[in-house]
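> I'm passing along query05.cif; it holds mmCIF, N, CA and C atoms.
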data_start
loop_
_atom_site.label_atom_id
_atom_site.label_comp_id
_atom_site.auth_asym_id
_atom_site.auth_seq_id
_atom_site.Cartn_x
_atom_site.Cartn_y
_atom_site.Cartn_z
N MET A 87 6.83 -101.03 -1.80
CA MET A 87 7.14 -101.78 -2.99
C MET A 87 7.18 -100.80 -4.16
N GLU A 88 8.23 -100.94 -4.99
CA GLU A 88 8.32 -100.09 -6.16
C GLU A 88 7.16 -100.41 -7.10
N LEU A 89 6.70 -99.39 -7.82
CA LEU A 89 5.56 -99.57 -8.72
C LEU A 89 5.82 -100.63 -9.77
N TRP A 90 7.03 -100.65 -10.38
CA TRP A 90 7.30 -101.64 -11.43
C TRP A 90 7.24 -103.05 -10.89
N ARG A 91 7.64 -103.26 -9.61
CA ARG A 91 7.57 -104.61 -9.03
C ARG A 91 6.12 -105.01 -8.84
N LEU A 92 5.30 -104.08 -8.36
CA LEU A 92 3.89 -104.39 -8.15
C LEU A 92 3.19 -104.67 -9.48
N VAL A 93 3.47 -103.85 -10.50
CA VAL A 93 2.85 -104.05 -11.82
C VAL A 93 3.26 -105.41 -12.38
N ALA A 94 4.55 -105.76 -12.29
CA ALA A 94 5.01 -107.05 -12.81
C ALA A 94 4.38 -108.20 -12.05
N LEU A 95 4.30 -108.09 -10.74
CA LEU A 95 3.70 -109.15 -9.94
C LEU A 95 2.23 -109.32 -10.28
N LEU A 96 1.53 -108.21 -10.42
CA LEU A 96 0.10 -108.30 -10.73
C LEU A 96 -0.14 -108.83 -12.13
N ALA A 97 0.77 -108.56 -13.07
CA ALA A 97 0.62 -109.09 -14.42
C ALA A 97 0.69 -110.62 -14.40
N LEU A 98 1.47 -111.17 -13.48
CA LEU A 98 1.58 -112.62 -13.39
C LEU A 98 0.54 -113.22 -12.47
N ALA A 99 0.05 -112.42 -11.53
CA ALA A 99 -0.90 -112.92 -10.54
C ALA A 99 -2.11 -112.01 -10.48
N PRO A 100 -3.01 -112.05 -11.49
CA PRO A 100 -4.18 -111.18 -11.47
C PRO A 100 -4.98 -111.42 -10.19
N GLY A 101 -5.45 -110.34 -9.61
CA GLY A 101 -6.23 -110.45 -8.39
C GLY A 101 -5.37 -110.51 -7.14
N ALA A 102 -4.08 -110.21 -7.25
CA ALA A 102 -3.20 -110.30 -6.09
C ALA A 102 -3.45 -109.20 -5.07
N LEU A 103 -4.15 -108.14 -5.45
CA LEU A 103 -4.46 -107.08 -4.49
C LEU A 103 -5.65 -107.49 -3.64
N PRO A 104 -5.55 -107.31 -2.32
CA PRO A 104 -6.71 -107.57 -1.48
C PRO A 104 -7.82 -106.56 -1.80
N ALA A 105 -8.99 -106.78 -1.25
CA ALA A 105 -10.14 -105.92 -1.52
C ALA A 105 -9.86 -104.45 -1.18
N GLN A 106 -9.02 -104.19 -0.19
CA GLN A 106 -8.72 -102.82 0.21
C GLN A 106 -7.81 -102.12 -0.79
N GLY A 107 -7.28 -102.83 -1.78
CA GLY A 107 -6.43 -102.22 -2.79
C GLY A 107 -5.00 -102.01 -2.36
N LYS A 108 -4.58 -102.64 -1.28
CA LYS A 108 -3.20 -102.50 -0.81
C LYS A 108 -2.36 -103.64 -1.36
N PRO A 109 -1.07 -103.36 -1.70
CA PRO A 109 -0.22 -104.44 -2.21
C PRO A 109 0.04 -105.48 -1.14
N PRO A 110 0.32 -106.74 -1.53
CA PRO A 110 0.64 -107.77 -0.56
C PRO A 110 1.98 -107.44 0.10
N ARG A 111 2.18 -107.93 1.31
CA ARG A 111 3.46 -107.73 1.98
C ARG A 111 4.51 -108.54 1.23
N TRP A 112 5.57 -107.88 0.77
CA TRP A 112 6.51 -108.54 -0.13
C TRP A 112 7.89 -107.97 0.11
N THR A 113 8.76 -108.73 0.72
CA THR A 113 10.13 -108.30 0.94
C THR A 113 11.06 -109.44 0.54
N ALA A 114 12.26 -109.07 0.13
CA ALA A 114 13.22 -110.09 -0.30
C ALA A 114 13.60 -110.98 0.88
N ARG A 115 13.65 -112.27 0.62
CA ARG A 115 14.05 -113.25 1.63
C ARG A 115 15.54 -113.12 1.92
N GLY A 116 16.29 -112.77 0.86
CA GLY A 116 17.73 -112.63 0.97
C GLY A 116 18.32 -112.17 -0.34
N THR A 117 19.63 -112.20 -0.40
CA THR A 117 20.36 -111.79 -1.59
C THR A 117 21.13 -112.98 -2.14
N ILE A 118 21.19 -113.08 -3.45
CA ILE A 118 21.98 -114.11 -4.11
C ILE A 118 22.81 -113.42 -5.20
N ALA A 119 24.01 -113.88 -5.42
CA ALA A 119 24.91 -113.30 -6.43
C ALA A 119 25.29 -114.37 -7.44
N ARG A 120 25.82 -113.94 -8.58
CA ARG A 120 26.32 -114.88 -9.57
C ARG A 120 27.33 -115.80 -8.90
N GLY A 121 27.23 -117.09 -9.18
CA GLY A 121 28.12 -118.07 -8.59
C GLY A 121 27.64 -118.62 -7.26
N ASP A 122 26.54 -118.10 -6.73
CA ASP A 122 26.02 -118.54 -5.43
C ASP A 122 24.93 -119.60 -5.58
N THR A 123 24.80 -120.40 -4.55
CA THR A 123 23.69 -121.35 -4.40
C THR A 123 23.07 -121.13 -3.03
N VAL A 124 21.76 -121.08 -3.00
CA VAL A 124 21.01 -120.92 -1.76
C VAL A 124 20.15 -122.16 -1.57
N ARG A 125 20.13 -122.69 -0.36
CA ARG A 125 19.24 -123.80 -0.01
C ARG A 125 18.25 -123.27 1.01
N ASP A 126 16.97 -123.42 0.70
CA ASP A 126 15.92 -122.91 1.58
C ASP A 126 14.68 -123.77 1.40
N SER A 127 13.56 -123.34 1.93
CA SER A 127 12.31 -124.07 1.80
C SER A 127 11.15 -123.11 1.64
N LEU A 128 10.19 -123.47 0.78
CA LEU A 128 8.91 -122.78 0.74
C LEU A 128 8.09 -123.32 1.90
N THR A 129 7.48 -122.41 2.65
CA THR A 129 6.67 -122.82 3.80
C THR A 129 5.34 -122.06 3.79
N ARG A 130 4.47 -122.44 4.66
CA ARG A 130 3.17 -121.77 4.79
C ARG A 130 3.31 -120.36 5.35
N ARG A 131 4.49 -120.01 5.84
CA ARG A 131 4.73 -118.66 6.35
C ARG A 131 5.17 -117.70 5.24
N ASP A 132 5.44 -118.22 4.05
CA ASP A 132 5.84 -117.36 2.93
C ASP A 132 4.62 -116.65 2.34
N VAL A 133 4.89 -115.67 1.47
CA VAL A 133 3.84 -114.93 0.79
C VAL A 133 2.99 -115.90 -0.02
N LEU A 134 1.68 -115.74 0.05
CA LEU A 134 0.77 -116.55 -0.75
C LEU A 134 0.31 -115.72 -1.94
N LEU A 135 0.56 -116.20 -3.16
CA LEU A 135 0.06 -115.55 -4.37
C LEU A 135 -1.38 -116.02 -4.55
N PRO A 136 -2.36 -115.16 -4.26
CA PRO A 136 -3.75 -115.60 -4.20
C PRO A 136 -4.31 -116.15 -5.51
N ALA A 137 -3.95 -115.57 -6.64
CA ALA A 137 -4.52 -116.03 -7.92
C ALA A 137 -4.10 -117.46 -8.23
N GLU A 138 -2.89 -117.84 -7.82
CA GLU A 138 -2.39 -119.19 -8.11
C GLU A 138 -2.48 -120.12 -6.91
N SER A 139 -2.72 -119.56 -5.72
CA SER A 139 -2.70 -120.34 -4.47
C SER A 139 -1.36 -121.03 -4.28
N THR A 140 -0.28 -120.28 -4.52
CA THR A 140 1.07 -120.81 -4.34
C THR A 140 1.86 -119.92 -3.41
N TYR A 141 2.75 -120.54 -2.64
CA TYR A 141 3.65 -119.79 -1.77
C TYR A 141 4.83 -119.30 -2.59
N ALA A 142 5.42 -118.19 -2.17
CA ALA A 142 6.51 -117.61 -2.95
C ALA A 142 7.52 -116.91 -2.05
N GLN A 143 8.76 -116.90 -2.51
CA GLN A 143 9.84 -116.13 -1.88
C GLN A 143 10.49 -115.29 -2.96
N GLU A 144 11.03 -114.15 -2.54
CA GLU A 144 11.72 -113.26 -3.45
C GLU A 144 13.19 -113.16 -3.02
N TRP A 145 14.10 -113.31 -3.98
CA TRP A 145 15.55 -113.23 -3.73
C TRP A 145 16.13 -112.12 -4.59
N ARG A 146 16.89 -111.20 -3.98
CA ARG A 146 17.47 -110.06 -4.70
C ARG A 146 18.76 -110.47 -5.39
N LEU A 147 18.90 -110.02 -6.65
CA LEU A 147 20.08 -110.26 -7.46
C LEU A 147 20.51 -108.93 -8.06
N ALA A 148 21.73 -108.47 -7.76
CA ALA A 148 22.26 -107.26 -8.38
C ALA A 148 22.73 -107.62 -9.78
N GLY A 149 22.24 -106.86 -10.77
CA GLY A 149 22.57 -107.18 -12.15
C GLY A 149 23.16 -106.01 -12.89
N ARG A 150 23.90 -106.33 -13.96
CA ARG A 150 24.49 -105.31 -14.82
C ARG A 150 23.88 -105.41 -16.22
N ALA A 151 23.67 -104.27 -16.83
CA ALA A 151 23.10 -104.23 -18.18
C ALA A 151 23.94 -105.06 -19.13
N GLY A 152 23.28 -105.90 -19.93
CA GLY A 152 23.95 -106.72 -20.92
C GLY A 152 24.47 -108.05 -20.41
N GLU A 153 24.45 -108.26 -19.13
CA GLU A 153 24.94 -109.50 -18.52
C GLU A 153 23.91 -110.62 -18.74
N THR A 154 24.39 -111.81 -19.07
CA THR A 154 23.51 -112.98 -19.19
C THR A 154 23.73 -113.87 -17.97
N VAL A 155 22.63 -114.26 -17.35
CA VAL A 155 22.68 -115.15 -16.19
C VAL A 155 21.73 -116.32 -16.42
N THR A 156 22.05 -117.44 -15.79
CA THR A 156 21.14 -118.59 -15.76
C THR A 156 20.76 -118.82 -14.32
N ILE A 157 19.46 -118.88 -14.08
CA ILE A 157 18.92 -119.07 -12.74
C ILE A 157 18.25 -120.44 -12.70
N ASP A 158 18.80 -121.33 -11.87
CA ASP A 158 18.25 -122.68 -11.72
C ASP A 158 17.52 -122.80 -10.39
N LEU A 159 16.33 -123.36 -10.44
CA LEU A 159 15.53 -123.65 -9.24
C LEU A 159 15.21 -125.14 -9.27
N ALA A 160 15.72 -125.87 -8.29
CA ALA A 160 15.51 -127.32 -8.22
C ALA A 160 14.81 -127.67 -6.92
N ALA A 161 13.81 -128.55 -7.02
CA ALA A 161 13.07 -129.00 -5.85
C ALA A 161 12.56 -130.41 -6.08
N ALA A 162 12.72 -131.26 -5.10
CA ALA A 162 12.17 -132.61 -5.19
C ALA A 162 10.73 -132.65 -4.67
N ALA A 163 10.39 -131.72 -3.77
CA ALA A 163 9.09 -131.74 -3.11
C ALA A 163 7.97 -131.10 -3.92
N PHE A 164 8.32 -130.29 -4.92
CA PHE A 164 7.29 -129.61 -5.70
C PHE A 164 7.80 -129.32 -7.11
N ASP A 165 6.87 -128.97 -8.00
CA ASP A 165 7.19 -128.61 -9.38
C ASP A 165 7.66 -127.15 -9.38
N ALA A 166 8.97 -126.94 -9.48
CA ALA A 166 9.57 -125.62 -9.35
C ALA A 166 9.13 -124.67 -10.47
N TYR A 167 8.90 -123.42 -10.09
CA TYR A 167 8.51 -122.37 -11.03
C TYR A 167 9.17 -121.09 -10.56
N GLU A 168 9.72 -120.32 -11.51
CA GLU A 168 10.39 -119.08 -11.13
C GLU A 168 10.10 -118.00 -12.15
N PHE A 169 10.13 -116.75 -11.67
CA PHE A 169 10.08 -115.62 -12.58
C PHE A 169 10.99 -114.53 -12.06
N LEU A 170 11.33 -113.60 -12.94
CA LEU A 170 12.30 -112.55 -12.64
C LEU A 170 11.66 -111.20 -12.84
N LEU A 171 11.69 -110.39 -11.79
CA LEU A 171 11.18 -109.03 -11.85
C LEU A 171 12.37 -108.09 -11.83
N GLY A 172 12.24 -106.93 -12.47
CA GLY A 172 13.33 -105.97 -12.41
C GLY A 172 13.26 -104.94 -13.51
N PRO A 173 14.22 -104.01 -13.48
CA PRO A 173 14.22 -102.92 -14.46
C PRO A 173 14.36 -103.47 -15.89
N GLY A 174 13.46 -103.01 -16.75
CA GLY A 174 13.46 -103.48 -18.13
C GLY A 174 12.46 -104.60 -18.36
N PHE A 175 11.90 -105.15 -17.29
CA PHE A 175 10.91 -106.22 -17.41
C PHE A 175 9.54 -105.77 -16.92
N GLU A 176 9.23 -104.47 -17.07
CA GLU A 176 7.96 -103.95 -16.58
C GLU A 176 6.77 -104.54 -17.33
N ALA A 177 6.92 -104.78 -18.62
CA ALA A 177 5.80 -105.28 -19.43
C ALA A 177 5.61 -106.78 -19.31
N ALA A 178 6.69 -107.53 -19.25
CA ALA A 178 6.59 -108.99 -19.20
C ALA A 178 7.80 -109.55 -18.45
N ALA A 179 7.55 -110.25 -17.39
CA ALA A 179 8.62 -110.85 -16.61
C ALA A 179 9.02 -112.20 -17.19
N PRO A 180 10.32 -112.44 -17.39
CA PRO A 180 10.76 -113.77 -17.83
C PRO A 180 10.36 -114.81 -16.77
N GLN A 181 9.93 -115.98 -17.22
CA GLN A 181 9.49 -117.01 -16.27
C GLN A 181 9.76 -118.39 -16.85
N ASP A 182 9.84 -119.38 -15.96
CA ASP A 182 10.07 -120.74 -16.42
C ASP A 182 9.50 -121.75 -15.44
N ASP A 183 9.11 -122.90 -15.99
CA ASP A 183 8.56 -123.99 -15.20
C ASP A 183 9.48 -125.21 -15.27
N ASP A 184 9.74 -125.78 -16.43
CA ASP A 184 10.42 -127.07 -16.50
C ASP A 184 11.70 -127.11 -17.34
N SER A 185 12.29 -125.98 -17.69
CA SER A 185 13.48 -125.99 -18.55
C SER A 185 14.72 -126.55 -17.87
N GLY A 186 14.67 -126.73 -16.54
CA GLY A 186 15.79 -127.31 -15.81
C GLY A 186 15.74 -128.83 -15.80
N GLY A 187 14.68 -129.40 -16.38
CA GLY A 187 14.52 -130.85 -16.42
C GLY A 187 13.95 -131.42 -15.14
N ARG A 188 13.19 -132.48 -15.30
CA ARG A 188 12.62 -133.20 -14.16
C ARG A 188 11.87 -132.28 -13.19
N CYS A 189 11.02 -131.42 -13.69
CA CYS A 189 10.17 -130.50 -12.92
C CYS A 189 10.96 -129.38 -12.24
N ASN A 190 12.18 -129.13 -12.69
CA ASN A 190 12.99 -128.03 -12.18
C ASN A 190 12.95 -126.88 -13.19
N ALA A 191 13.13 -125.67 -12.69
CA ALA A 191 13.07 -124.48 -13.55
C ALA A 191 14.48 -124.00 -13.89
N ARG A 192 14.65 -123.54 -15.13
CA ARG A 192 15.91 -122.93 -15.57
C ARG A 192 15.56 -121.73 -16.44
N LEU A 193 16.04 -120.59 -16.02
CA LEU A 193 15.76 -119.35 -16.73
C LEU A 193 17.08 -118.70 -17.13
N THR A 194 17.33 -118.59 -18.43
CA THR A 194 18.51 -117.88 -18.93
C THR A 194 18.03 -116.57 -19.51
N VAL A 195 18.61 -115.47 -19.02
CA VAL A 195 18.13 -114.15 -19.42
C VAL A 195 19.28 -113.15 -19.53
N ARG A 196 19.16 -112.28 -20.49
CA ARG A 196 20.10 -111.16 -20.64
C ARG A 196 19.45 -109.97 -19.94
N LEU A 197 20.14 -109.41 -18.96
CA LEU A 197 19.58 -108.31 -18.17
C LEU A 197 19.64 -107.01 -18.97
N PRO A 198 18.50 -106.33 -19.10
CA PRO A 198 18.46 -105.14 -19.95
C PRO A 198 19.05 -103.89 -19.30
N ARG A 199 19.07 -103.83 -17.99
CA ARG A 199 19.55 -102.62 -17.29
C ARG A 199 20.35 -103.00 -16.06
N THR A 200 21.12 -102.06 -15.57
CA THR A 200 21.83 -102.25 -14.31
C THR A 200 20.87 -101.94 -13.17
N GLY A 201 20.84 -102.78 -12.16
CA GLY A 201 19.96 -102.55 -11.01
C GLY A 201 19.67 -103.82 -10.26
N ASP A 202 18.76 -103.72 -9.32
CA ASP A 202 18.34 -104.87 -8.52
C ASP A 202 17.22 -105.61 -9.23
N TYR A 203 17.42 -106.92 -9.36
CA TYR A 203 16.41 -107.82 -9.92
C TYR A 203 15.92 -108.70 -8.79
N PHE A 204 14.73 -109.26 -8.96
CA PHE A 204 14.14 -110.08 -7.90
C PHE A 204 13.66 -111.39 -8.50
N ILE A 205 14.30 -112.47 -8.04
CA ILE A 205 13.93 -113.82 -8.47
C ILE A 205 12.79 -114.27 -7.55
N VAL A 206 11.68 -114.65 -8.14
CA VAL A 206 10.56 -115.14 -7.35
C VAL A 206 10.54 -116.66 -7.47
N VAL A 207 10.72 -117.32 -6.35
CA VAL A 207 10.71 -118.77 -6.23
C VAL A 207 9.30 -119.18 -5.82
N THR A 208 8.70 -120.06 -6.62
CA THR A 208 7.36 -120.53 -6.29
C THR A 208 7.17 -121.93 -6.90
N SER A 209 5.94 -122.39 -6.96
CA SER A 209 5.63 -123.71 -7.48
C SER A 209 4.49 -123.61 -8.48
N SER A 210 4.39 -124.56 -9.37
CA SER A 210 3.22 -124.60 -10.24
C SER A 210 2.12 -125.45 -9.61
N GLU A 211 2.38 -125.97 -8.41
CA GLU A 211 1.39 -126.77 -7.68
C GLU A 211 0.81 -125.95 -6.53
N ARG A 212 -0.50 -125.97 -6.39
CA ARG A 212 -1.17 -125.19 -5.35
C ARG A 212 -0.73 -125.62 -3.96
N PHE A 213 -0.41 -124.63 -3.14
CA PHE A 213 -0.07 -124.79 -1.72
C PHE A 213 1.11 -125.72 -1.47
N ALA A 214 1.97 -125.91 -2.45
CA ALA A 214 3.13 -126.80 -2.29
C ALA A 214 4.19 -126.14 -1.40
N THR A 215 4.83 -126.96 -0.59
CA THR A 215 5.92 -126.51 0.27
C THR A 215 7.05 -127.52 0.18
N GLY A 216 8.22 -127.12 0.66
CA GLY A 216 9.35 -128.05 0.69
C GLY A 216 10.66 -127.38 0.33
N ALA A 217 11.72 -128.15 0.45
CA ALA A 217 13.07 -127.65 0.24
C ALA A 217 13.34 -127.39 -1.24
N PHE A 218 14.20 -126.40 -1.49
CA PHE A 218 14.63 -126.09 -2.85
C PHE A 218 16.07 -125.60 -2.84
N THR A 219 16.68 -125.62 -4.03
CA THR A 219 18.01 -125.07 -4.24
C THR A 219 17.90 -124.04 -5.36
N LEU A 220 18.41 -122.84 -5.10
CA LEU A 220 18.41 -121.76 -6.08
C LEU A 220 19.86 -121.42 -6.41
N THR A 221 20.21 -121.44 -7.71
CA THR A 221 21.58 -121.18 -8.15
C THR A 221 21.57 -120.14 -9.25
N VAL A 222 22.51 -119.21 -9.18
CA VAL A 222 22.68 -118.22 -10.25
C VAL A 222 24.08 -118.39 -10.82
N ALA A 223 24.16 -118.58 -12.13
CA ALA A 223 25.44 -118.75 -12.81
C ALA A 223 25.58 -117.70 -13.90
N ALA A 224 26.81 -117.28 -14.15
CA ALA A 224 27.07 -116.35 -15.25
C ALA A 224 26.96 -117.11 -16.57
N GLY A 225 26.37 -116.47 -17.57
CA GLY A 225 26.29 -117.06 -18.89
C GLY A 225 25.11 -117.98 -19.08
N PRO A 226 24.95 -118.48 -20.30
CA PRO A 226 23.82 -119.34 -20.62
C PRO A 226 24.11 -120.81 -20.32
N LYS A 227 23.04 -121.58 -20.14
CA LYS A 227 23.09 -123.03 -20.04
C LYS A 227 21.98 -123.57 -20.94
N PRO A 228 22.17 -124.73 -21.49
CA PRO A 228 21.12 -125.29 -22.37
C PRO A 228 19.90 -125.73 -21.58
N ARG A 229 18.79 -125.72 -22.26
CA ARG A 229 17.53 -126.22 -21.69
C ARG A 229 17.65 -127.75 -21.57
N SER A 230 17.16 -128.29 -20.47
CA SER A 230 17.18 -129.74 -20.28
C SER A 230 16.00 -130.37 -21.02
N LEU A 231 16.19 -131.54 -21.56
CA LEU A 231 15.11 -132.25 -22.25
C LEU A 231 14.45 -133.31 -21.39
N ALA A 232 14.91 -133.46 -20.13
CA ALA A 232 14.33 -134.46 -19.23
C ALA A 232 12.93 -134.03 -18.82
N ALA A 233 11.94 -134.83 -19.14
CA ALA A 233 10.55 -134.47 -18.91
C ALA A 233 10.19 -134.47 -17.43
N CYS A 234 9.22 -133.62 -17.09
CA CYS A 234 8.66 -133.59 -15.74
C CYS A 234 7.70 -134.77 -15.61
N ASP A 235 7.78 -135.49 -14.51
CA ASP A 235 6.95 -136.68 -14.33
C ASP A 235 5.78 -136.46 -13.39
N ARG A 236 5.43 -135.24 -13.11
CA ARG A 236 4.29 -134.95 -12.21
C ARG A 236 3.02 -134.81 -13.00
#
Here is a file; write its structure as structure tokens.

Amino acid sequence: MELWRLVALLALAPGALPAQGKPPRWTARGTIARGDTVRDSLTRRDVLLPAESTYAQEWRLAGRAGETVTIDLAAAAFDAYEFLLGPGFEAAAPQDDDSGGRCNARLTVRLPRTGDYFIVVTSSERFATGAFTLTVAAGPKPRSLAACDR
């Protein structure tokens, strides 16, 4: 794992290192590109973020400096939560919980550098599992005002 990815992950998940001081096993589930939609599920076989007690998947996104993308994470089974790791986000990773409306996440971000970014799909609910849809679109989208009912 690259150092910047580990630092960003630990900043969001304090205590994520096991007692032996080794990073958690963390590999991208797959790749997603602008204009793509992925349908998958969080399961008990996914990485467990210990500080939050949530399962997580990582999806690779190739990005260009200055490009704006909107990343939507929708799930009926859990309260969707996402964050973005990558070059230029070493100090603070962009993250979102409910901007997609109805407990879905929407993250609009301008990418600071060219390189591989990693979308982390997770939940704000402990040990939640279930199907989700992850979509990456070019450009911005407005924040939804539909409240989360959980």
> For Ala137 of chain A, which residue out of A:Ile205, A:Arg212, A:Arg188, A:Val222 is the nearest one, using only C-alpha atoms?
A:Arg212
> Could you check how far atom C of Gly216 of chain A sits from atom N of Ala160 of chain A, in Å to one decimal?
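One can read the atom C of Gly216 of chain A to atom N of Ala160 of chain A distance as 10.1 Å.
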> In terms of the shortest atom-to-atom distance over only C-alpha atoms, which of A:Phe169, A:Phe218, A:Phe213, A:Phe164 is closest to Arg236 of chain A?
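Of all the options, A:Phe164 lies closest to Arg236 of chain A.
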> Can you list, as JSON, numbers by chain, the residues that the PyMOL selection byres (((chain A and resi 194 and name CA) around 9) and name CA) selects here?
{"A": [154, 155, 156, 157, 158, 180, 192, 193, 195, 196, 225, 226, 227, 228, 229]}
> List every residue of segment 140-201 of chain A that DSSP, applied to the backbone, labels as strand (DSSP E), and write the result as a PyMOL selection string.
chain A and resi 140-149+154-160+166-171+181-182+191-196+201
> From the options A:Ala166, A:Leu128, A:Ala148, A:Ala178, which residue's atoms come nearest to Ser210 of chain A, counting only N, CA and C atoms?
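Comparing A:Ala166, A:Leu128, A:Ala148, A:Ala178 against Ser210 of chain A, the winner is A:Ala166.
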> For the structure shown, which residues end up in the PyMOL selection byres (((chain A and resi 198-200 and name CA) around 7) and name CA)? Put them as a ChimeraX atom specification, please?
/A:149-152,173-174,196-197,201
> Can you tell me how far atom N of Leu135 of chain A sits from atom CA of Val207 of chain A, in Å to one decimal?
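Going from atom N of Leu135 of chain A over to atom CA of Val207 of chain A covers 10.9 Å.
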> For Ala232 of chain A, which residue among A:Asp202, A:Glu138, A:Asp184, A:Glu211 is the nearest when counting all atoms listed in the file?
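When distances to Ala232 of chain A are compared using all atoms listed in the file, the smallest one comes from A:Asp184.
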> What is the distance, in Å and to one decimal place, between atom CA of Ala162 of chain A and atom CA of Ala114 of chain A?
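Going from atom CA of Ala162 of chain A over to atom CA of Ala114 of chain A covers 23.1 Å.
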> Would you return as a ChimeraX atom specification the members of chain A that DSSP assigns to helix (DSSP H, G or I) on this structure's backbone?
/A:89-98
> Closest to Ala142 of chain A among A:Ser230, A:Thr219, A:Thr117, A:Ser209, using all atoms listed in the file?
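Among the listed residues, the smallest separation from Ala142 of chain A belongs to A:Ser209.
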